[in-house]
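As provided, coords-v9.cif (mmCIF, C-alpha atoms) reads as follows.
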data_model
loop_
_atom_site.label_atom_id
_atom_site.label_comp_id
_atom_site.auth_asym_id
_atom_site.auth_seq_id
_atom_site.Cartn_x
_atom_site.Cartn_y
_atom_site.Cartn_z
CA MET I 1 -3.11 13.06 -27.36
CA LYS I 2 -0.29 10.57 -26.80
CA GLY I 3 -2.56 7.51 -26.74
CA LYS I 4 -5.32 5.68 -24.90
CA ILE I 5 -4.74 3.81 -21.65
CA MET I 6 -7.30 1.43 -20.15
CA TRP I 7 -6.44 0.38 -16.60
CA MET I 8 -8.13 -2.23 -14.42
CA SER I 9 -7.87 -2.31 -10.63
CA ASP I 10 -9.97 -1.85 -7.50
CA SER I 11 -12.77 0.64 -8.11
CA PRO I 12 -11.70 4.30 -7.84
CA MET I 13 -14.68 4.76 -5.53
CA GLN I 14 -13.00 2.55 -2.92
CA VAL I 15 -10.28 3.37 -0.38
CA THR I 16 -7.89 0.47 -1.01
CA GLY I 17 -4.20 0.80 -1.76
CA PHE I 18 -4.62 -0.48 -5.33
CA SER I 19 -7.37 2.08 -5.91
CA THR I 20 -5.31 4.95 -4.50
CA ILE I 21 -2.26 4.14 -6.61
CA SER I 22 -4.33 3.59 -9.76
CA LYS I 23 -6.16 6.91 -9.39
CA SER I 24 -2.87 8.74 -8.98
CA ILE I 25 -1.35 7.10 -12.05
CA LEU I 26 -4.33 7.84 -14.30
CA ASN I 27 -4.78 11.38 -13.04
CA GLY I 28 -1.08 11.92 -13.65
CA MET I 29 -1.25 10.51 -17.17
CA SER I 30 -4.40 12.51 -17.97
CA ALA I 31 -2.43 15.65 -17.11
CA ARG I 32 0.29 14.50 -19.51
CA ASP I 33 -1.99 14.23 -22.55
CA TRP I 34 -3.02 10.56 -22.28
CA GLN I 35 -6.70 9.63 -22.65
CA CYS I 36 -7.41 7.36 -19.68
CA TYR I 37 -10.12 4.86 -18.82
CA PHE I 38 -10.43 3.11 -15.44
CA LEU I 39 -12.16 -0.29 -15.44
CA GLY I 40 -13.15 -0.84 -11.81
CA HIS I 41 -13.45 -4.60 -11.43
CA ASN I 42 -15.75 -4.15 -8.40
CA TYR I 43 -17.65 -1.12 -9.66
CA ILE I 44 -21.10 -1.99 -10.98
CA GLY I 45 -22.72 0.90 -12.78
CA GLN I 46 -22.87 3.16 -15.78
CA THR I 47 -19.84 4.72 -17.42
CA ILE I 48 -18.89 8.04 -15.82
CA PRO I 49 -17.05 10.68 -17.89
CA PRO I 50 -14.08 12.61 -16.50
CA GLY I 51 -14.84 15.12 -13.76
CA LEU I 52 -16.33 13.01 -10.97
CA THR I 53 -15.45 14.80 -7.72
CA PHE I 54 -15.59 13.35 -4.21
CA GLU I 55 -16.72 15.27 -1.14
CA ASP I 56 -13.09 16.03 -0.22
CA ASN I 57 -12.73 17.70 -3.68
CA TYR I 58 -10.56 14.91 -5.09
CA ARG I 59 -11.35 14.82 -8.81
CA LEU I 60 -11.13 11.90 -11.23
CA ASN I 61 -9.83 13.24 -14.54
CA PHE I 62 -10.49 10.02 -16.44
CA THR I 63 -13.44 7.91 -17.57
CA VAL I 64 -14.71 5.29 -15.11
CA MET I 65 -16.16 2.04 -16.47
CA GLY I 66 -17.97 -0.72 -14.61
CA ASN I 67 -17.49 -4.48 -14.54
CA GLY I 68 -19.57 -7.14 -16.25
CA ASN I 69 -21.07 -10.33 -14.81
CA GLN I 70 -17.85 -12.16 -14.02
CA ALA I 71 -15.18 -11.39 -11.44
CA TYR I 72 -12.21 -9.22 -12.39
CA GLY I 73 -13.72 -8.23 -15.72
CA LYS I 74 -13.28 -11.62 -17.39
CA ASP I 75 -16.33 -11.20 -19.63
CA ILE I 76 -15.98 -7.47 -20.27
CA ILE I 77 -12.27 -6.76 -20.86
CA SER I 78 -12.19 -7.50 -24.59
CA HIS I 79 -15.39 -5.55 -25.20
CA ARG I 80 -14.14 -2.50 -23.30
CA ILE I 81 -10.76 -2.50 -25.03
CA LYS I 82 -12.25 -2.72 -28.50
CA LYS I 83 -14.94 -0.13 -27.78
CA VAL I 84 -12.44 2.62 -26.96
CA LYS I 85 -9.63 1.26 -29.16
CA ALA I 86 -7.20 1.27 -26.25
CA ASP I 87 -3.50 1.34 -27.05
CA ILE I 88 -2.53 -0.05 -23.64
CA PHE I 89 -4.40 -2.32 -21.23
CA GLY I 90 -2.81 -2.21 -17.78
CA VAL I 91 -3.71 -4.13 -14.63
CA LEU I 92 -2.89 -3.45 -11.00
CA LEU I 93 -4.06 -6.51 -9.08
CA ASP I 94 -2.61 -9.60 -7.45
CA THR I 95 -1.61 -12.12 -10.11
CA PHE I 96 -3.75 -14.86 -8.54
CA MET I 97 -6.88 -12.78 -9.14
CA MET I 98 -6.55 -13.33 -12.90
CA TYR I 99 -5.15 -16.86 -12.83
CA PRO I 100 -5.49 -18.96 -14.94
CA TRP I 101 -7.82 -17.27 -17.43
CA TYR I 102 -5.74 -14.13 -18.13
CA GLY I 103 -4.04 -16.00 -20.95
CA GLU I 104 -7.38 -16.66 -22.67
CA ILE I 105 -8.39 -13.01 -23.14
CA ASP I 106 -8.24 -11.26 -26.51
CA PHE I 107 -6.57 -7.94 -25.73
CA ALA I 108 -6.33 -6.65 -29.32
CA PRO I 109 -5.61 -3.92 -30.27
CA ALA I 110 -4.02 -3.06 -26.91
CA HIS I 111 -0.55 -3.84 -25.65
CA THR I 112 -0.66 -5.48 -22.22
CA LEU I 113 0.99 -4.39 -18.99
CA PHE I 114 0.69 -6.02 -15.55
CA TYR I 115 1.78 -3.98 -12.51
CA PHE I 116 2.35 -6.70 -9.96
CA PRO I 117 3.21 -7.21 -6.29
CA SER I 118 4.91 -10.06 -4.53
CA ASP I 119 4.26 -10.06 -0.80
CA GLY I 120 6.04 -13.23 0.27
CA GLY I 121 9.19 -15.25 -0.08
CA GLY I 122 10.09 -18.13 -2.33
CA ARG I 123 7.90 -17.62 -5.38
CA LEU I 124 4.88 -15.98 -6.90
CA PRO I 125 1.54 -17.55 -5.98
CA LEU I 126 1.58 -21.10 -7.37
CA GLY I 127 1.18 -21.09 -11.14
CA CYS I 128 0.72 -17.34 -11.41
CA GLU I 129 3.97 -16.78 -13.23
CA MET I 130 1.96 -17.58 -16.37
CA VAL I 131 0.11 -14.28 -15.93
CA LEU I 132 3.35 -12.32 -16.18
CA GLN I 133 4.59 -14.53 -19.02
CA ARG I 134 1.45 -13.61 -20.96
CA ALA I 135 1.75 -9.87 -20.31
CA GLU I 136 3.94 -7.99 -22.79
CA TYR I 137 5.22 -5.65 -20.07
CA PRO I 138 5.41 -7.02 -16.52
CA VAL I 139 6.13 -4.14 -14.14
CA ALA I 140 7.23 -4.85 -10.56
CA MET I 141 6.20 -2.40 -7.85
CA SER I 142 9.26 -3.35 -5.77
CA ARG I 143 12.86 -4.31 -6.40
CA PHE I 144 12.14 -7.37 -4.28
CA ALA I 145 9.47 -8.57 -6.73
CA GLN I 146 11.64 -7.75 -9.73
CA ARG I 147 14.49 -9.87 -8.35
CA GLN I 148 12.18 -12.69 -7.30
CA VAL I 149 10.51 -13.21 -10.68
CA LYS I 150 13.87 -13.07 -12.43
CA GLU I 151 15.57 -15.54 -10.10
CA LYS I 152 12.66 -17.93 -9.57
CA HIS I 153 10.70 -17.69 -12.82
CA SER I 154 13.21 -16.30 -15.36
CA ILE I 155 10.91 -13.35 -16.08
CA ASN I 156 12.39 -9.97 -16.95
CA SER I 157 10.31 -7.09 -15.62
CA SER I 158 10.49 -3.33 -15.35
CA TYR I 159 10.39 -1.67 -11.93
CA ILE I 160 8.39 1.39 -10.94
CA PRO I 161 7.70 1.94 -7.22
CA HIS I 162 4.47 3.12 -5.70
CA GLY I 163 4.33 6.84 -5.12
CA VAL I 164 3.53 9.13 -2.22
CA SER I 165 2.56 12.79 -2.30
CA CYS I 166 5.11 14.74 -0.28
CA LYS I 167 2.74 17.71 -0.54
CA ASN I 168 -0.04 15.79 1.22
CA PHE I 169 2.16 13.93 3.70
CA PHE I 170 4.67 16.11 5.55
CA PRO I 171 6.09 16.66 9.05
CA MET I 172 4.13 19.04 11.25
CA THR I 173 5.78 21.30 13.79
CA ALA I 174 6.10 20.13 17.39
CA SER I 175 3.25 22.40 18.48
CA GLU I 176 1.04 21.21 15.63
CA LYS I 177 1.73 17.59 16.57
CA GLU I 178 0.73 18.24 20.17
CA ALA I 179 -2.46 19.93 18.99
CA VAL I 180 -3.32 16.87 16.89
CA LYS I 181 -2.65 14.57 19.84
CA ALA I 182 -4.91 16.71 21.99
CA ARG I 183 -7.76 16.46 19.46
CA TYR I 184 -7.48 12.68 19.64
CA ASN I 185 -7.31 12.75 23.46
CA LEU I 186 -3.68 11.62 23.35
CA LYS I 187 -2.03 14.68 24.88
CA GLY I 188 1.25 13.80 26.58
CA LYS I 189 1.19 10.23 25.25
CA PHE I 190 3.93 8.29 23.49
CA VAL I 191 2.09 6.97 20.45
CA VAL I 192 2.92 3.75 18.65
CA GLY I 193 0.74 3.71 15.54
CA THR I 194 -0.26 1.37 12.77
CA VAL I 195 -2.24 1.72 9.55
CA ALA I 196 -3.43 -1.66 8.33
CA ARG I 197 -6.56 -3.67 7.70
CA ASN I 198 -7.11 -6.59 10.07
CA GLN I 199 -6.40 -9.30 7.51
CA GLY I 200 -4.32 -12.39 8.15
CA ARG I 201 -1.20 -11.19 6.34
CA LYS I 202 -0.89 -8.10 8.59
CA MET I 203 -0.81 -10.22 11.79
CA LEU I 204 -2.25 -7.49 13.98
CA ASP I 205 -2.47 -9.94 16.87
CA ARG I 206 1.33 -9.69 17.05
CA THR I 207 1.07 -5.92 17.03
CA LEU I 208 -1.10 -6.08 20.14
CA LYS I 209 1.00 -8.73 21.88
CA ALA I 210 4.29 -6.91 21.24
CA PHE I 211 2.79 -3.61 22.38
CA GLN I 212 1.52 -5.20 25.61
CA ILE I 213 5.08 -6.19 26.56
CA PHE I 214 6.62 -2.90 25.37
CA ALA I 215 4.11 -0.75 27.28
CA LYS I 216 4.17 -2.69 30.55
CA ASP I 217 6.55 -0.23 32.23
CA LYS I 218 5.56 2.83 30.18
CA PRO I 219 2.28 4.27 31.45
CA GLU I 220 2.37 7.07 28.86
CA ALA I 221 2.58 4.64 25.90
CA VAL I 222 -0.53 3.99 23.80
CA LEU I 223 -1.26 2.09 20.60
CA PHE I 224 -3.18 4.00 17.92
CA ILE I 225 -4.74 1.89 15.16
CA HIS I 226 -6.09 3.27 11.89
CA ALA I 227 -8.35 0.36 10.95
CA ASP I 228 -12.01 -0.53 11.11
CA ALA I 229 -12.37 -2.31 14.44
CA ASP I 230 -15.69 -3.75 13.26
CA ASP I 231 -14.60 -4.84 9.79
CA ALA I 232 -16.82 -7.78 8.83
CA ALA I 233 -13.86 -9.38 7.03
CA GLN I 234 -11.44 -9.19 9.97
CA VAL I 235 -9.58 -12.39 10.82
CA PHE I 236 -10.12 -12.07 14.58
CA ASN I 237 -12.10 -9.81 16.88
CA MET I 238 -9.68 -7.05 17.87
CA ARG I 239 -11.87 -5.71 20.67
CA ILE I 240 -11.97 -9.11 22.39
CA LEU I 241 -8.21 -9.64 22.06
CA ILE I 242 -7.59 -6.14 23.45
CA GLU I 243 -9.67 -7.07 26.50
CA ASP I 244 -7.93 -10.43 26.86
CA LEU I 245 -4.56 -8.66 26.88
CA GLY I 246 -5.75 -6.07 29.40
CA LEU I 247 -5.19 -3.18 26.99
CA GLN I 248 -8.67 -1.60 27.14
CA ASN I 249 -7.29 1.82 28.13
CA ARG I 250 -4.12 1.65 26.07
CA VAL I 251 -5.44 1.05 22.53
CA PHE I 252 -7.23 3.72 20.50
CA PHE I 253 -8.86 3.60 17.08
CA SER I 254 -9.00 6.45 14.57
CA GLY I 255 -12.70 5.87 13.87
CA MET I 256 -12.34 5.05 10.18
CA ARG I 257 -14.74 2.60 8.52
CA TRP I 258 -13.93 0.28 5.63
CA PHE I 259 -16.45 2.05 3.40
CA GLU I 260 -15.28 5.58 4.22
CA GLY I 261 -11.63 6.51 4.38
CA PHE I 262 -9.92 9.65 5.64
CA ASP I 263 -8.92 12.43 3.27
CA TYR I 264 -5.23 13.34 2.89
CA GLY I 265 -5.40 16.09 5.49
CA ARG I 266 -6.73 13.76 8.17
CA MET I 267 -4.34 10.98 7.17
CA ASN I 268 -1.38 13.33 7.54
CA GLU I 269 -2.64 14.08 11.05
CA VAL I 270 -2.89 10.35 11.78
CA TYR I 271 0.79 9.85 10.96
CA ASN I 272 1.94 13.03 12.72
CA LEU I 273 0.38 12.05 16.03
CA MET I 274 2.58 8.94 15.99
CA ASP I 275 6.04 8.75 17.55
CA ILE I 276 6.68 5.37 15.87
CA PHE I 277 4.97 3.64 12.96
CA PHE I 278 4.80 -0.11 13.67
CA LEU I 279 3.82 -2.89 11.26
CA SER I 280 3.87 -6.58 12.17
CA THR I 281 3.19 -7.77 8.60
CA SER I 282 4.21 -11.19 7.31
CA GLY I 283 5.07 -9.62 3.95
CA GLU I 284 4.13 -6.56 1.90
CA GLY I 285 3.75 -6.32 -1.85
CA PHE I 286 4.94 -2.76 -1.33
CA GLY I 287 3.88 -1.01 1.87
CA ILE I 288 2.12 2.28 1.14
CA PRO I 289 1.67 3.27 4.83
CA ILE I 290 5.43 2.88 5.31
CA ILE I 291 6.25 5.53 2.72
CA GLU I 292 3.38 7.74 3.89
CA ALA I 293 4.79 7.62 7.42
CA ALA I 294 8.29 8.36 6.10
CA ALA I 295 7.01 11.34 4.08
CA ALA I 296 5.51 12.65 7.34
CA GLY I 297 8.90 12.25 9.04
CA ILE I 298 7.85 9.30 11.22
CA PRO I 299 10.34 6.44 11.81
CA SER I 300 9.13 2.88 11.31
CA ALA I 301 9.61 -0.54 12.85
CA VAL I 302 8.53 -3.19 10.34
CA THR I 303 8.96 -6.95 9.96
CA ASP I 304 12.16 -7.60 8.00
CA TYR I 305 10.62 -9.48 5.10
CA ALA I 306 9.83 -8.91 1.41
CA THR I 307 10.04 -5.15 0.67
CA THR I 308 11.19 -3.89 4.08
CA GLN I 309 14.89 -3.60 3.25
CA GLU I 310 14.36 -1.36 0.23
CA LEU I 311 11.86 0.88 2.02
CA LEU I 312 13.69 1.21 5.35
CA ILE I 313 17.38 0.61 4.64
CA GLU I 314 18.36 1.00 0.98
CA ASP I 315 18.98 4.57 -0.24
CA GLY I 316 18.85 5.86 3.35
CA LYS I 317 17.90 4.32 6.69
CA CYS I 318 14.52 5.55 7.93
CA GLY I 319 13.46 2.78 10.30
CA LEU I 320 14.32 -0.44 12.08
CA PRO I 321 13.67 -3.82 10.40
CA ILE I 322 12.37 -6.39 12.91
CA ALA I 323 13.89 -9.86 12.59
CA ILE I 324 11.57 -12.76 11.84
CA GLU I 325 11.51 -15.79 14.10
CA THR I 326 10.36 -18.28 11.47
CA GLU I 327 8.71 -18.72 8.10
CA LEU I 328 5.60 -20.64 7.20
CA THR I 329 4.13 -21.72 3.89
CA GLY I 330 0.81 -20.01 3.31
CA THR I 331 -1.88 -20.15 0.66
CA TRP I 332 -0.73 -20.48 -2.97
CA ASN I 333 2.60 -21.84 -1.59
CA VAL I 334 3.81 -18.34 -0.75
CA GLU I 335 6.27 -18.11 2.15
CA ARG I 336 5.40 -15.79 5.05
CA GLY I 337 7.80 -14.22 7.53
CA ILE I 338 6.63 -14.31 11.15
CA MET I 339 7.83 -11.31 13.14
CA GLY I 340 9.59 -12.15 16.39
CA ILE I 341 7.75 -10.52 19.29
CA PRO I 342 10.91 -10.11 21.44
CA ALA I 343 12.66 -8.54 18.44
CA ALA I 344 9.72 -6.16 17.95
CA VAL I 345 9.82 -5.13 21.61
CA ASN I 346 13.57 -4.47 21.31
CA ALA I 347 13.05 -2.27 18.24
CA LEU I 348 10.24 -0.31 19.90
CA ASN I 349 12.38 0.15 23.03
CA GLU I 350 15.34 1.38 20.96
CA LEU I 351 13.20 4.00 19.26
CA TYR I 352 11.44 4.93 22.49
CA ALA I 353 14.75 5.49 24.30
CA SER I 354 16.24 7.87 21.73
CA LYS I 355 14.41 10.94 20.51
CA SER I 356 17.49 11.87 18.49
CA LEU I 357 17.37 8.52 16.67
CA ARG I 358 13.69 9.01 15.87
CA GLU I 359 14.40 12.50 14.55
CA GLN I 360 17.36 11.33 12.47
CA LEU I 361 15.39 8.49 10.89
CA GLY I 362 12.51 10.88 10.24
CA ILE I 363 14.72 13.40 8.45
CA VAL I 364 16.31 10.71 6.26
CA GLY I 365 12.91 9.21 5.47
CA ARG I 366 11.47 12.53 4.35
CA GLU I 367 14.43 13.23 2.03
CA LYS I 368 14.31 9.69 0.65
CA MET I 369 10.63 10.04 -0.20
CA LYS I 370 11.20 13.31 -2.04
CA LEU I 371 14.08 11.84 -4.04
CA ILE I 372 12.65 8.43 -5.02
CA TYR I 373 8.96 8.03 -4.23
CA ASP I 374 7.34 11.45 -4.65
CA TRP I 375 4.58 11.28 -7.27
CA PRO I 376 6.16 13.70 -9.78
CA VAL I 377 9.26 11.45 -9.86
CA VAL I 378 7.22 8.25 -10.20
CA LEU I 379 4.84 9.65 -12.82
CA ASP I 380 7.79 10.57 -15.04
CA GLN I 381 8.70 6.87 -15.06
CA TRP I 382 5.15 5.84 -15.99
CA ASP I 383 4.97 8.39 -18.79
CA GLN I 384 8.25 7.14 -20.24
CA LEU I 385 7.16 3.49 -20.01
CA PHE I 386 3.78 4.10 -21.64
CA GLN I 387 5.46 5.97 -24.50
CA LYS I 388 7.88 3.07 -24.95
CA VAL I 389 4.98 0.60 -25.07
CA ILE I 390 3.24 2.30 -27.99
CA GLN I 391 6.34 3.12 -30.04
#
Whole structure, structure tokens version:
Amino acid sequence: MKGKIMWMSDSPMQVTGFSTISKSILNGMSARDWQCYFLGHNYIGQTIPPGLTFEDNYRLNFTVMGNGNQAYGKDIISHRIKKVKADIFGVLLDTFMMYPWYGEIDFAPAHTLFYFPSDGGGRLPLGCEMVLQRAEYPVAMSRFAQRQVKEKHSINSSYIPHGVSCKNFFPMTASEKEAVKARYNLKGKFVVGTVARNQGRKMLDRTLKAFQIFAKDKPEAVLFIHADADDAAQVFNMRILIEDLGLQNRVFFSGMRWFEGFDYGRMNEVYNLMDIFFLSTSGEGFGIPIIEAAAAGIPSAVTDYATTQELLIEDGKCGLPIAIETELTGTWNVERGIMGIPAAVNALNELYASKSLREQLGIVGREKMKLIYDWPVVLDQWDQLFQKVIQ
């Protein structure tokens, strides 16, 4: 055994991005002779030993531990670390979730690592630089975040990107794609797709408004949304806005619910039925659906803010960045980039007009994912970092 890793993030029983990435990291480290423990900050229950298997046969090869009485493990972290004698305590959460009390926790005997996002311009959430200053090993999930904390907060951090499984996400053949479209009643349609929860930062109202203009003279164009249309936490009622925009017969939902995600096979189908992946975000800490779409050979059109340049342009162009029309200062004094609707329509039209461009971007995206973001590549970086931490 190389050592013991305790990791805190969204519960592995959930279908969030943080949960998905954390499960992949710990399963990968378990296979590389690390003893791993997952502290799910929103899991309330007994400790579960390795071997828990979901109905899609996805197995957790690490111990799962539940939270205490206080949010984000505040009252339980020290106890859990000392109980298992963890060598490393890692966190994958937004920095503001553990501000300002992160600095008060006794982490002994573990070394501390914070795997952090930054999803907006200007700065980290107000005051939250102290979280990274307290962590022994800040690790940025994007080059954008790594540059930002260095330039704005004088913090040196490592960089390890999120990963994607190129075995689970891959381009289907043309006939297979058409069969998938037929199963979703989208045969013969030009599909603009998005994968995003209806939260304020994603700005899905702009997705709908841009699509309305784009599709006005394209009767075969539809918008396919992988999101829970009845999410209790949504920032606006999507069904009502769809009616207000006259898009009742042009917008389709995948049928997912917030409490029950799709397995990898179904998610690969979701991306492969798309002709374009479209995201009107005001800023991404990383952008997991972007690299999943790229691994499936689907070109993207994404707001040109935060991580978009490194995912779509650097190391190979696999999509079109959409210019912002303005910025606004949001909560925690984080700057947000507001996608220009005319610019979005132009990008969608450019991709719609050229099948060869879509194919070229798809090919580049697939190769880029295999080279930089495929899980075996990313897990090598985590293994090396964890070994460095305990040396």
Item to check | Target residues per the PyMOL selection byres ((chain I and resi 107-112) around 12), formatted as a PyMOL selection string | outcome: chain I and resi 3-8+74-92+102-106+113-115+131-139+386-391
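Of note, CA of Ser154 in chain I and CA of Val334 in chain I are spaced 17.5 Å apart.
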Next on the checklist: For the provided coordinates, the residues matched by the PyMOL selection byres ((chain I and resi 254) around 9) should be stated as number ranges by chain.
Outcome noted: I: 184, 224-228, 252-253, 255-256, 270
Next on the checklist: At a cut-off of 10 Å, using all atoms listed in the file, what residues contact Trp258 in chain I? Leave out same-chain residues fewer than 2 positions from it and give the result as a ChimeraX atom specification.
Outcome noted: /I:14-16,197,227-233,256,260-261
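If you measure from each of I:Leu26, I:Leu279, I:Cys166, I:Met274 to Ile298 in chain I using all atoms listed in the file, the closest one turns out to be I:Met274.
If you look at CA of Asp205 in chain I and CA of Gln248 in chain I, they are 14.6 Å away from each other.
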Item to check | Atomic distance CA of Ile338 in chain I - CA of Ser280 in chain I, expressed in Å with one decimal | outcome: 8.3 Å
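Closest approach to Thr281 in chain I among I:Leu204, I:Val222, I:Ala215, I:Ala344 is made by I:Leu204 (distances from all atoms listed in the file).
Listed by chain and then by number, the residues chosen by the PyMOL selection byres ((chain I and resi 365) around 7) in this file are Ala294, Ala295, Gly297, Cys318, Leu361, Gly362, Ile363, Val364, Arg366, Glu367, Lys368 and Met369 of chain I.
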